[in-house]
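Colleague: One file is attached below, data-v6.txt, containing compact mmCIF, C-alpha atoms and all ligand atoms.
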```
# COMPACT_ATOMS: atom_id res chain seq x y z
CA MET A 1 0.00 0.00 0.00
CA ARG A 2 1.30 3.47 -0.83
CA LYS A 3 2.24 5.89 1.92
CA THR A 4 -0.27 8.48 3.11
CA LYS A 5 0.82 11.88 1.81
CA VAL A 6 0.79 14.70 4.33
CA ALA A 7 1.06 18.44 3.72
CA LEU A 8 2.13 20.33 6.83
CA ALA A 9 0.91 23.86 7.58
CA GLY A 10 3.32 25.68 9.89
CA SER A 11 7.01 25.30 10.64
CA GLY A 12 7.17 26.38 14.26
CA PHE A 13 7.37 24.65 17.63
CA ILE A 14 4.65 22.03 17.22
CA ALA A 15 5.48 21.38 13.55
CA HIS A 16 8.94 20.17 14.64
CA ILE A 17 7.32 17.84 17.17
CA HIS A 18 5.00 16.46 14.49
CA MET A 19 7.96 15.94 12.16
CA GLU A 20 9.94 14.03 14.79
CA SER A 21 6.86 11.85 15.32
CA TYR A 22 6.34 11.16 11.61
CA MET A 23 9.99 10.52 10.87
CA ARG A 24 10.77 8.24 13.80
CA PHE A 25 7.50 6.43 14.33
CA ILE A 26 5.14 6.54 11.34
CA PRO A 27 6.53 4.76 8.27
CA ASP A 28 3.07 4.80 6.62
CA ALA A 29 3.18 8.60 6.33
CA GLU A 30 5.22 10.72 3.94
CA ILE A 31 5.51 14.49 4.36
CA VAL A 32 5.34 15.86 0.82
CA ALA A 33 5.07 19.62 1.41
CA VAL A 34 5.25 22.31 4.05
CA PHE A 35 3.75 25.80 4.16
CA SER A 36 4.85 28.71 6.30
CA ARG A 37 4.81 32.44 5.67
CA ASN A 38 8.53 33.09 6.10
CA GLU A 39 10.54 31.81 3.12
CA ALA A 40 13.87 31.43 4.94
CA ASN A 41 12.25 29.50 7.80
CA VAL A 42 10.17 27.23 5.66
CA ALA A 43 13.09 26.48 3.30
CA ALA A 44 15.30 25.59 6.28
CA PHE A 45 12.53 23.43 7.75
CA ALA A 46 12.06 21.57 4.44
CA SER A 47 15.79 21.03 4.14
CA GLN A 48 16.12 19.79 7.75
CA TYR A 49 13.50 17.07 7.18
CA ASN A 50 14.07 16.41 3.45
CA ILE A 51 10.58 17.59 2.55
CA PRO A 52 10.47 17.83 -1.28
CA ALA A 53 8.37 21.02 -1.60
CA TYR A 54 7.84 24.15 0.43
CA PHE A 55 5.41 27.05 -0.02
CA THR A 56 4.88 30.51 1.41
CA ASP A 57 1.26 30.55 0.25
CA TYR A 58 -1.26 28.09 1.71
CA ASP A 59 -3.60 28.05 -1.31
CA THR A 60 -0.69 27.35 -3.65
CA MET A 61 0.37 24.42 -1.48
CA LEU A 62 -3.15 23.01 -1.58
CA ASN A 63 -3.43 23.57 -5.35
CA GLU A 64 -0.04 22.20 -6.32
CA THR A 65 0.45 19.30 -3.90
CA ASP A 66 -0.76 15.77 -4.39
CA CYS A 67 -1.65 14.82 -0.80
CA ASP A 68 -4.27 13.05 1.31
CA VAL A 69 -3.98 15.01 4.52
CA VAL A 70 -3.30 18.49 5.84
CA ASP A 71 -1.74 18.66 9.29
CA ILE A 72 -2.47 22.15 10.65
CA CYS A 73 0.15 23.54 13.05
CA LEU A 74 -0.70 27.24 12.69
CA PRO A 75 -1.70 29.86 15.28
CA ASN A 76 -5.23 29.48 16.64
CA PHE A 77 -6.84 32.27 14.59
CA LEU A 78 -5.89 30.51 11.33
CA HIS A 79 -7.34 27.09 12.23
CA HIS A 80 -10.81 27.86 10.89
CA GLN A 81 -9.79 29.11 7.43
CA ALA A 82 -7.05 26.52 7.05
CA THR A 83 -9.53 23.71 7.79
CA LEU A 84 -12.25 25.05 5.48
CA LYS A 85 -9.78 25.36 2.59
CA ALA A 86 -8.42 21.84 3.12
CA ALA A 87 -11.90 20.33 3.34
CA LYS A 88 -12.89 22.12 0.14
CA LYS A 89 -10.01 20.33 -1.58
CA GLY A 90 -11.27 16.99 -0.23
CA LEU A 91 -8.34 16.59 2.18
CA HIS A 92 -8.47 14.99 5.63
CA VAL A 93 -7.52 17.35 8.44
CA ILE A 94 -5.71 16.97 11.71
CA ILE A 95 -5.83 20.20 13.65
CA GLU A 96 -3.78 21.29 16.63
CA LYS A 97 -5.52 22.45 19.77
CA PRO A 98 -7.55 24.54 20.50
CA LEU A 99 -9.94 23.63 17.67
CA CYS A 100 -10.39 27.32 16.71
CA ILE A 101 -11.35 30.63 18.29
CA THR A 102 -15.17 30.61 18.34
CA LEU A 103 -18.00 28.09 18.61
CA ALA A 104 -19.44 29.41 15.33
CA GLU A 105 -16.13 28.62 13.60
CA ALA A 106 -16.14 25.17 15.19
CA ASP A 107 -19.59 24.47 13.79
CA GLU A 108 -18.49 25.56 10.31
CA MET A 109 -15.35 23.43 10.42
CA ILE A 110 -17.26 20.33 11.52
CA ALA A 111 -19.97 20.90 8.88
CA ALA A 112 -17.42 21.54 6.09
CA CYS A 113 -15.52 18.32 6.83
CA LYS A 114 -18.77 16.34 7.01
CA LYS A 115 -19.94 17.82 3.70
CA ALA A 116 -16.62 16.98 2.04
CA ASN A 117 -16.65 13.54 3.64
CA VAL A 118 -13.19 14.03 5.13
CA LEU A 119 -11.94 13.29 8.64
CA LEU A 120 -11.43 16.08 11.14
CA MET A 121 -9.24 14.91 14.01
CA TYR A 122 -8.69 17.13 17.04
CA ALA A 123 -5.06 16.63 18.00
CA GLU A 124 -5.18 16.15 21.77
CA GLU A 125 -2.03 14.29 22.69
CA LEU A 126 -2.97 13.75 26.34
CA CYS A 127 -5.53 11.20 25.12
CA PHE A 128 -2.55 9.23 23.75
CA ALA A 129 0.28 9.91 26.25
CA PRO A 130 1.38 6.39 27.27
CA LYS A 131 1.55 7.06 31.02
CA TYR A 132 -1.84 8.79 31.09
CA GLU A 133 -3.33 6.06 28.92
CA ARG A 134 -2.10 3.46 31.42
CA VAL A 135 -3.87 5.38 34.18
CA ARG A 136 -7.03 5.62 32.07
CA THR A 137 -7.18 1.89 31.45
CA LEU A 138 -6.43 1.27 35.15
CA VAL A 139 -9.31 3.41 36.34
CA THR A 140 -11.81 2.51 33.64
CA ASP A 141 -11.26 -1.01 32.26
CA GLU A 142 -9.63 -2.43 35.41
CA ASN A 143 -11.67 -0.67 38.11
CA ALA A 144 -8.45 0.04 40.05
CA VAL A 145 -9.77 3.02 42.06
CA GLY A 146 -13.48 2.12 42.21
CA LYS A 147 -16.09 4.76 41.43
CA ILE A 148 -14.35 7.93 40.25
CA TYR A 149 -15.44 11.05 42.12
CA MET A 150 -12.73 13.54 41.13
CA LEU A 151 -10.22 14.13 38.32
CA LYS A 152 -7.47 16.70 38.28
CA ASN A 153 -5.03 17.88 35.65
CA SER A 154 -2.52 20.65 35.99
CA GLU A 155 -0.28 21.97 33.25
CA LYS A 156 2.09 24.82 34.02
CA HIS A 157 5.13 26.68 32.74
CA SER A 158 6.25 30.29 32.62
CA GLY A 159 4.73 31.28 29.27
CA PRO A 160 4.76 30.37 25.56
CA HIS A 161 7.53 30.89 23.07
CA SER A 162 5.83 33.06 20.38
CA ASP A 163 4.26 36.53 20.50
CA TRP A 164 0.94 35.50 18.95
CA PHE A 165 -0.03 33.47 22.06
CA TYR A 166 -0.06 36.75 24.05
CA ASP A 167 -2.21 38.62 21.50
CA VAL A 168 -5.74 37.55 22.37
CA SER A 169 -6.99 38.65 18.94
CA GLN A 170 -4.90 35.79 17.51
CA SER A 171 -5.04 33.28 20.36
CA GLY A 172 -8.57 33.84 21.66
CA GLY A 173 -7.38 34.00 25.26
CA GLY A 174 -4.52 33.18 27.58
CA VAL A 175 -3.51 29.99 29.30
CA LEU A 176 -7.04 28.57 29.41
CA MET A 177 -7.22 28.52 25.59
CA ASP A 178 -3.65 27.30 25.35
CA MET A 179 -3.41 24.65 28.07
CA GLY A 180 -6.77 24.41 29.85
CA CYS A 181 -8.02 22.76 26.67
CA HIS A 182 -5.77 19.76 27.42
CA ALA A 183 -7.25 19.23 30.87
CA ILE A 184 -10.84 19.41 29.62
CA ALA A 185 -10.22 17.00 26.73
CA TRP A 186 -8.36 14.56 28.98
CA MET A 187 -11.15 14.52 31.61
CA ARG A 188 -13.81 13.93 28.94
CA TRP A 189 -11.70 11.06 27.56
CA VAL A 190 -11.32 9.37 30.97
CA LEU A 191 -15.06 9.73 31.55
CA GLY A 192 -15.93 7.81 28.39
CA GLY A 193 -15.47 10.43 25.66
CA ASN A 194 -18.65 12.48 25.85
CA PRO A 195 -19.77 12.83 29.47
CA LYS A 196 -22.55 15.29 30.24
CA ILE A 197 -21.32 18.45 31.93
CA LYS A 198 -23.68 20.18 34.32
CA SER A 199 -21.77 23.31 35.20
CA VAL A 200 -18.46 25.14 35.05
CA SER A 201 -16.97 27.55 37.61
CA ALA A 202 -13.68 29.32 37.21
CA THR A 203 -11.44 31.95 38.63
CA MET A 204 -8.46 33.46 36.87
CA GLN A 205 -5.86 36.17 37.14
CA SER A 206 -2.99 37.88 35.35
CA VAL A 207 0.25 37.46 37.24
CA LEU A 208 3.40 37.40 35.15
CA HIS A 209 2.52 38.68 31.68
CA THR A 210 0.41 41.78 32.32
CA HIS A 211 2.87 43.92 30.30
CA ARG A 212 2.34 41.93 27.11
CA SER A 213 -1.10 40.31 27.23
CA LYS A 214 -4.69 41.02 28.13
CA GLY A 215 -5.14 37.29 28.59
CA GLU A 216 -5.13 35.40 31.87
CA ASP A 217 -2.00 33.52 32.88
CA ASN A 218 -3.24 31.56 35.88
CA THR A 219 -6.57 29.71 36.07
CA VAL A 220 -8.51 27.24 38.16
CA VAL A 221 -11.56 25.65 36.55
CA VAL A 222 -14.02 23.35 38.32
CA ILE A 223 -16.28 21.21 36.15
CA GLU A 224 -19.31 19.36 37.52
CA PHE A 225 -19.78 16.27 35.39
CA GLU A 226 -22.83 14.03 35.47
CA ASP A 227 -22.78 11.14 37.90
CA ASN A 228 -21.28 13.21 40.72
CA VAL A 229 -17.76 13.63 39.32
CA ILE A 230 -15.80 16.84 39.85
CA GLY A 231 -13.03 17.88 37.45
CA VAL A 232 -10.38 20.38 38.49
CA ALA A 233 -8.08 21.99 35.92
CA GLU A 234 -5.20 24.18 37.06
CA ASP A 235 -3.32 25.87 34.24
CA SER A 236 -0.61 28.44 34.45
CA TRP A 237 1.83 30.49 32.42
CA ALA A 238 3.06 32.00 35.67
CA ARG A 239 4.99 29.07 37.09
CA HIS A 240 8.78 29.09 36.74
CA GLY A 241 10.93 25.98 36.57
CA GLY A 242 10.00 24.30 33.29
CA MET A 243 7.04 22.37 31.97
CA ASP A 244 4.92 20.52 34.53
CA ASP A 245 1.97 18.28 33.67
CA LYS A 246 0.24 16.00 36.17
CA ILE A 247 -2.98 14.06 36.61
CA GLU A 248 -4.78 12.70 39.64
CA VAL A 249 -7.73 10.31 39.61
CA TYR A 250 -9.64 9.82 42.86
CA GLY A 251 -12.09 6.95 43.37
CA ASP A 252 -13.92 5.49 46.35
CA ALA A 253 -11.49 2.54 46.31
CA GLY A 254 -8.18 4.20 45.49
CA VAL A 255 -6.25 6.93 43.75
CA ALA A 256 -3.82 7.17 40.83
CA TYR A 257 -1.25 9.90 40.19
CA ALA A 258 0.87 10.40 37.09
CA ASP A 259 3.44 13.03 36.21
CA LEU A 260 4.52 13.49 32.58
CA PHE A 261 7.53 15.75 33.02
CA GLN A 262 9.35 16.42 36.28
CA GLY A 263 8.36 13.18 38.00
CA ASN A 264 9.32 11.35 34.82
CA SER A 265 12.79 12.82 34.39
CA ALA A 266 16.40 12.24 35.41
CA LEU A 267 17.37 14.52 38.29
CA THR A 268 20.66 16.21 37.38
CA TYR A 269 23.02 18.55 39.19
CA SER A 270 25.42 20.36 36.84
CA LEU A 271 28.01 23.02 37.65
CA ASN A 272 28.76 23.55 33.95
CA GLY A 273 25.30 23.39 32.45
CA TYR A 274 24.52 21.12 29.51
CA GLY A 275 22.37 20.89 26.35
CA TYR A 276 18.61 20.37 26.45
CA VAL A 277 16.75 20.03 29.77
CA ALA A 278 13.02 20.02 28.95
CA GLU A 279 10.32 22.23 27.41
CA LYS A 280 10.52 25.80 28.79
CA ALA A 281 13.07 24.67 31.41
CA GLY A 282 15.50 27.57 31.12
CA ASP A 283 18.88 27.17 32.81
CA SER A 284 20.63 23.80 33.00
CA LYS A 285 23.07 24.83 35.76
CA GLY A 286 22.43 23.53 39.26
CA TRP A 287 19.61 21.05 39.73
CA SER A 288 17.42 20.28 36.73
CA PHE A 289 14.81 17.76 35.64
CA THR A 290 16.34 16.21 32.51
CA MET A 291 13.65 14.89 30.17
CA PHE A 292 14.13 11.97 27.81
CA GLU A 293 11.90 10.94 24.88
CA GLU A 294 9.81 14.08 25.48
CA VAL A 295 7.81 13.82 22.26
CA PHE A 296 7.09 10.11 22.76
CA ASN A 297 6.10 10.49 26.42
CA GLN A 298 3.56 13.17 25.54
CA GLY A 299 1.82 10.90 23.05
CA TYR A 300 2.40 12.81 19.81
CA PRO A 301 3.60 9.80 17.76
CA HIS A 302 0.66 7.74 19.04
CA GLU A 303 -1.79 10.55 18.18
CA LEU A 304 -0.47 10.98 14.63
CA MET A 305 -0.12 7.23 14.06
CA HIS A 306 -3.77 6.85 15.07
CA PHE A 307 -4.83 9.55 12.62
CA ILE A 308 -2.86 8.05 9.74
CA ASP A 309 -4.43 4.67 10.55
CA CYS A 310 -7.90 6.29 10.49
CA VAL A 311 -7.17 7.83 7.07
CA ARG A 312 -5.79 4.60 5.64
CA ASN A 313 -8.47 2.33 7.02
CA GLY A 314 -11.58 4.51 7.07
CA LYS A 315 -11.83 4.65 10.88
CA THR A 316 -13.27 7.46 12.99
CA PRO A 317 -10.63 9.27 15.08
CA LEU A 318 -11.07 8.86 18.79
CA VAL A 319 -10.86 12.63 19.23
CA THR A 320 -12.91 14.55 16.66
CA GLY A 321 -13.92 18.07 15.74
CA GLU A 322 -17.00 17.58 17.94
CA ASP A 323 -14.71 16.89 20.91
CA GLY A 324 -12.74 20.04 20.14
CA ARG A 325 -16.02 21.97 20.08
CA ALA A 326 -17.12 20.48 23.41
CA VAL A 327 -13.79 21.57 24.93
CA LEU A 328 -14.26 25.08 23.53
CA GLU A 329 -17.77 25.26 25.03
CA VAL A 330 -16.29 24.55 28.50
CA ILE A 331 -13.65 27.22 27.86
CA TYR A 332 -16.39 29.75 27.00
CA ALA A 333 -18.27 28.78 30.17
CA ALA A 334 -15.10 29.11 32.28
CA TYR A 335 -14.40 32.62 30.96
CA ALA A 336 -18.05 33.54 31.56
CA SER A 337 -17.89 32.19 35.10
CA ALA A 338 -14.71 34.11 35.88
CA GLY A 339 -16.25 37.24 34.32
CA THR A 340 -19.57 37.07 36.17
CA GLY A 341 -18.52 35.33 39.37
CA LYS A 342 -21.27 32.77 38.76
CA LYS A 343 -21.47 29.07 38.07
CA ILE A 344 -22.33 28.58 34.36
CA HIS A 345 -24.67 25.78 33.31
CA LEU A 346 -24.20 24.00 30.00
CA PRO A 347 -25.11 24.15 27.16
CA PHE A 348 -23.59 27.61 26.90
CA THR A 349 -22.84 29.81 23.94
CA SER A 350 -22.15 33.44 23.20
CA ASP A 351 -21.45 35.55 20.14
CA VAL A 352 -18.28 37.16 21.51
CA GLU A 353 -15.45 37.83 19.06
CA VAL A 354 -12.93 35.95 21.20
CA PRO A 355 -13.61 33.72 24.22
CA VAL A 356 -11.55 35.78 26.68
CA ASP A 357 -14.01 38.67 26.13
CA LEU A 358 -16.35 36.78 28.44
CA TRP A 359 -13.84 37.36 31.25
CA LEU A 360 -12.55 40.78 30.21
CA GLN A 361 -15.97 41.96 29.01
CA GLU A 362 -14.38 44.50 26.74
CA GLY A 363 -14.99 43.33 23.18
CA ILE A 364 -11.65 42.56 21.57
CA LYS A 365 -11.66 42.63 17.77
CA ARG A 366 -10.67 39.30 16.34
CA ARG A 367 -7.66 39.10 14.00
CA LYS A 368 -9.09 37.87 10.71
CA ALA A 369 -7.37 35.00 8.98
CA LYS A 370 -4.88 35.98 6.31
CA LEU A 371 -3.95 32.72 4.68
N1 LIG A 401 -0.51 20.00 21.43
C1 LIG A 401 0.25 20.81 22.11
O1 LIG A 401 0.59 20.57 23.25
C2 LIG A 401 0.70 22.07 21.46
C3 LIG A 401 1.92 22.65 21.82
C4 LIG A 401 2.29 23.84 21.20
C5 LIG A 401 1.45 24.44 20.26
N2 LIG A 401 0.27 23.84 19.95
C6 LIG A 401 -0.66 24.46 18.98
O2 LIG A 401 -0.06 24.42 17.70
C7 LIG A 401 -0.38 25.60 16.97
C8 LIG A 401 0.93 26.28 16.53
O3 LIG A 401 1.66 26.61 17.71
P1 LIG A 401 3.28 26.68 17.72
O4 LIG A 401 3.68 26.55 19.13
O5 LIG A 401 3.85 25.77 16.72
O6 LIG A 401 3.48 28.18 17.25
P2 LIG A 401 4.79 28.80 16.61
O7 LIG A 401 4.67 30.25 16.80
O8 LIG A 401 5.99 28.12 17.12
O9 LIG A 401 4.67 28.43 15.07
C9 LIG A 401 3.59 28.95 14.32
C10 LIG A 401 3.81 28.70 12.83
O10 LIG A 401 2.76 29.36 12.13
C11 LIG A 401 3.32 30.34 11.26
N3 LIG A 401 2.50 31.58 11.32
C12 LIG A 401 2.41 32.43 12.32
N4 LIG A 401 1.58 33.47 12.00
C13 LIG A 401 1.18 33.23 10.75
C14 LIG A 401 0.36 33.93 9.86
N5 LIG A 401 -0.24 35.08 10.21
N6 LIG A 401 0.16 33.39 8.65
C15 LIG A 401 0.75 32.24 8.30
N7 LIG A 401 1.56 31.52 9.12
C16 LIG A 401 1.78 32.02 10.33
C17 LIG A 401 4.71 30.63 11.79
O11 LIG A 401 5.53 31.12 10.76
C18 LIG A 401 5.11 29.27 12.30
O12 LIG A 401 5.56 28.46 11.24
C19 LIG A 401 -1.24 26.45 17.89
O13 LIG A 401 -2.58 26.25 17.62
C20 LIG A 401 -0.90 25.93 19.28
O14 LIG A 401 -1.95 26.09 20.21
C21 LIG A 401 -0.09 22.67 20.50
```
Could you render the structure from this file as structure tokens?
Modeller:
Amino acid sequence: MRKTKVALAGSGFIAHIHMESYMRFIPDAEIVAVFSRNEANVAAFASQYNIPAYFTDYDTMLNETDCDVVDICLPNFLHHQATLKAAKKGLHVIIEKPLCITLAEADEMIAACKKANVLLMYAEELCFAPKYERVRTLVTDENAVGKIYMLKNSEKHSGPHSDWFYDVSQSGGGVLMDMGCHAIAWMRWVLGGNPKIKSVSATMQSVLHTHRSKGEDNTVVVIEFEDNVIGVAEDSWARHGGMDDKIEVYGDAGVAYADLFQGNSALTYSLNGYGYVAEKAGDSKGWSFTMFEEVFNQGYPHELMHFIDCVRNGKTPLVTGEDGRAVLEVIYAAYASAGTGKKIHLPFTSDVEVPVDLWLQEGIKRRKAKL
């Protein structure tokens, strides 16, 4: 069987992670083209990974490339247009998180992919991270902790690497859009994929990045699921010391904890400093948590391998555009809760330009896609 041909949109941080995953772990996929707006960057990226074609115009890539799939690794505000254009060309789409900026965009993306009869996979790697998957099978298939009554996820570092994350007209919001989405998707996955959510409460603040962003950089979200389960998501761009991602599952017969980064690393003391420590880790002098197989441990190869298998064998992805929309709905509700000081009951929608408006209540104009 021929390889599945992938066109990659974006050549930044996550695009490198996807490339490592494809090249090391997914022999059934072949990356045939890459698009990014900066010619020097995209040419260097193509050369680094031996990708035969590169483009600085997305439409030209779609028009001139023979491919089956578009893998979208662009800033959040471009997800909607990039997906609609790929679907129009009859191409399957895997889209990085968050699904898009607004619920209206989410609905259009889902409808466009359905109409074109192409897959839309929501790339949530925590649903594939091997350690978290072991915990999920423990607490679901093997009844290790009894009846689950509370789930927690926390993901924290000291702030993203690119300016667009801090511009809420391009990102839609702060750390809740960027990392809270992981917690919500992971909790839904542990609770069977599509659990009913009764209400969302949240509180948030700006701590470290007030000079460069209107978005929040520290959040706590409490989700009341059906069947008396509480979900707690703590997400921060205000925590120094490198990437931290942990889960806790509490049941009436036990508890399970898992730590993807610091509790998973080699503990190193170095007077001289050394090469790479871990995502957003900063200095390597003194004590550091040295990560190994960072991309593998987070589940990216498993996520992309699953998608390529779905494309090749006509399967439905286990995380879909509908899941991405459900996550976005909780994000809207969390911003609305933090903005009003009230518990928000689902279903919830709003016609705000960007989700963080529901917290800021000041009507930020959305950056329109220029693709
Ligand atoms: N799954 C995860 O854990 C994870 C981690 C990081 C990022 N992401 C997601 O991946 C997406 C990309 O994030 P990133 O960290 O790679 O960002 P990045 O800034 O590192 O890279 C963004 C890429 O998009 C291109 N780009 C930026 N603005 C553009 C524009 N106006 N027009 C065309 N191209 C443009 C850049 O040139 C670059 O190639 C985001 O949606 C982000 O939320 C997911």
Colleague: In Å, rounded to a single decimal, give me how far CA of Leu103 in chain A is from CA of Ala334 in chain A.
Modeller: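 Separating CA of Ala334 in chain A from CA of Leu103 in chain A is a distance of 14.0 Å.
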Colleague: Could you check which of A:Cys100, A:Ala333, A:Ala29, A:Val222 is closest to ligand LIG 401 (chain A), using all atoms listed in the file?
Modeller: A:Cys100
Colleague: Do a neighbour search on Arg134 in chain A at 12 Å with all atoms listed in the file, toss out local chain neighbours closer than 6 positions, and write the hits as a PyMOL selection string.
Modeller: chain A and resi 126-128+140-142+144+190+247+256-258+297+299
Colleague: Considering all atoms listed in the file, can you say which of A:Thr60, A:Thr210, A:Asn50, A:Gln298 comes closest to ligand LIG 401 (chain A)?
Modeller: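 Among the listed residues, A:Gln298 lies closest to ligand LIG 401 (chain A).
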Colleague: Name all residues at most 10 Å from Pro160 in chain A (count all atoms listed in the file; drop same-chain ones fewer than 6 positions away) and give them as a PyMOL selection string.
Modeller: chain A and resi 166+174-175+178+237+280
Colleague: Write the residues of the preceding selection, restricted to C-alpha atoms, as an mmCIF file, keeping the file's coordinate frame.
Modeller:
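The resulting file, again_14.cif, is shown below:
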```cif
data_model
loop_
_atom_site.group_PDB
_atom_site.id
_atom_site.type_symbol
_atom_site.label_atom_id
_atom_site.label_comp_id
_atom_site.auth_asym_id
_atom_site.auth_seq_id
_atom_site.Cartn_x
_atom_site.Cartn_y
_atom_site.Cartn_z
ATOM 1 C CA TYR A 166 -0.060 36.750 24.050
ATOM 2 C CA GLY A 174 -4.520 33.180 27.580
ATOM 3 C CA VAL A 175 -3.510 29.990 29.300
ATOM 4 C CA ASP A 178 -3.650 27.300 25.350
ATOM 5 C CA TRP A 237 1.830 30.490 32.420
ATOM 6 C CA LYS A 280 10.520 25.800 28.790
#
```
Colleague: At a cut-off of 9 Å, using only C-alpha atoms, what residues contact Ile31 in chain A? Leave out same-chain residues fewer than 3 positions from it and give the result as a count of residues only.
Modeller: 14
Colleague: At a cut-off of 10 Å, using all atoms listed in the file, what residues contact Leu119 in chain A? Leave out same-chain residues fewer than 2 positions from it and give the result as a PyMOL selection string.
Modeller: chain A and resi 69+87+90-94+110+113-114+116-117+121-122+307+310-311+314-317+320-321
Colleague: To one decimal place, how far is CA of Ile230 in chain A from CA of Lys156 in chain A in Å?
Modeller: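 About the pair CA of Ile230 in chain A and CA of Lys156 in chain A: they are 20.4 Å apart.
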Colleague: Using all atoms listed in the file, which of A:Tyr269, A:Trp164, A:Trp287, A:Trp186 sits nearest ligand LIG 401 (chain A)?
Modeller: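 Distance minimum relative to ligand LIG 401 (chain A) lands on A:Trp164.
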Colleague: Have a look at A:Leu191, A:Val32, A:Ala369, A:Leu176 and name the one nearest to ligand LIG 401 (chain A); count only C-alpha atoms and all ligand atoms.
Modeller: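 Among A:Leu191, A:Val32, A:Ala369, A:Leu176, it is A:Ala369 that comes nearest to ligand LIG 401 (chain A).
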Colleague: From the list A:Val139, A:Leu62, A:Ala53, A:Ala44, which residue is nearest Ala253 in chain A when using only C-alpha atoms?
Modeller: A:Val139
Colleague: With only C-alpha atoms and all ligand atoms counted, collect every polymer residue having an atom within 7 Å of ligand LIG 401 (chain A); state the result as JSON, numbers by chain.
Modeller: {"A": [10, 11, 12, 13, 14, 15, 36, 37, 38, 73, 74, 75, 76, 96, 97, 98, 123, 124, 125, 161, 162, 164, 178, 370, 371]}
Colleague: Residues at most 9 Å from Ser21 in chain A, counting all atoms listed in the file, excluding those fewer than 5 positions away in the same chain, as a ChimeraX atom specification?
Modeller: /A:16,26,295-296,300-302,304-305
Colleague: State, in Å with one decimal place, the distance from CA of Phe45 in chain A to CA of Lys85 in chain A.
Modeller: 23.0 Å
Colleague: Within 10 Å of (-9.6, 29.9, 34.9) (file coordinates; all atoms listed in the file), which protein or nucleic acid residues are there? I'd like them as a PyMOL selection string.
Modeller: chain A and resi 174-177+180+201-205+216-222+233-236+331+333-339+359
Colleague: So, with all atoms listed in the file as the atoms that count, which of A:Val319, A:Met179, A:Val277, A:Val118 lies closest to Phe292 in chain A?
Modeller: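 Once distances to Phe292 in chain A are computed over all atoms listed in the file, the minimum belongs to A:Val277.
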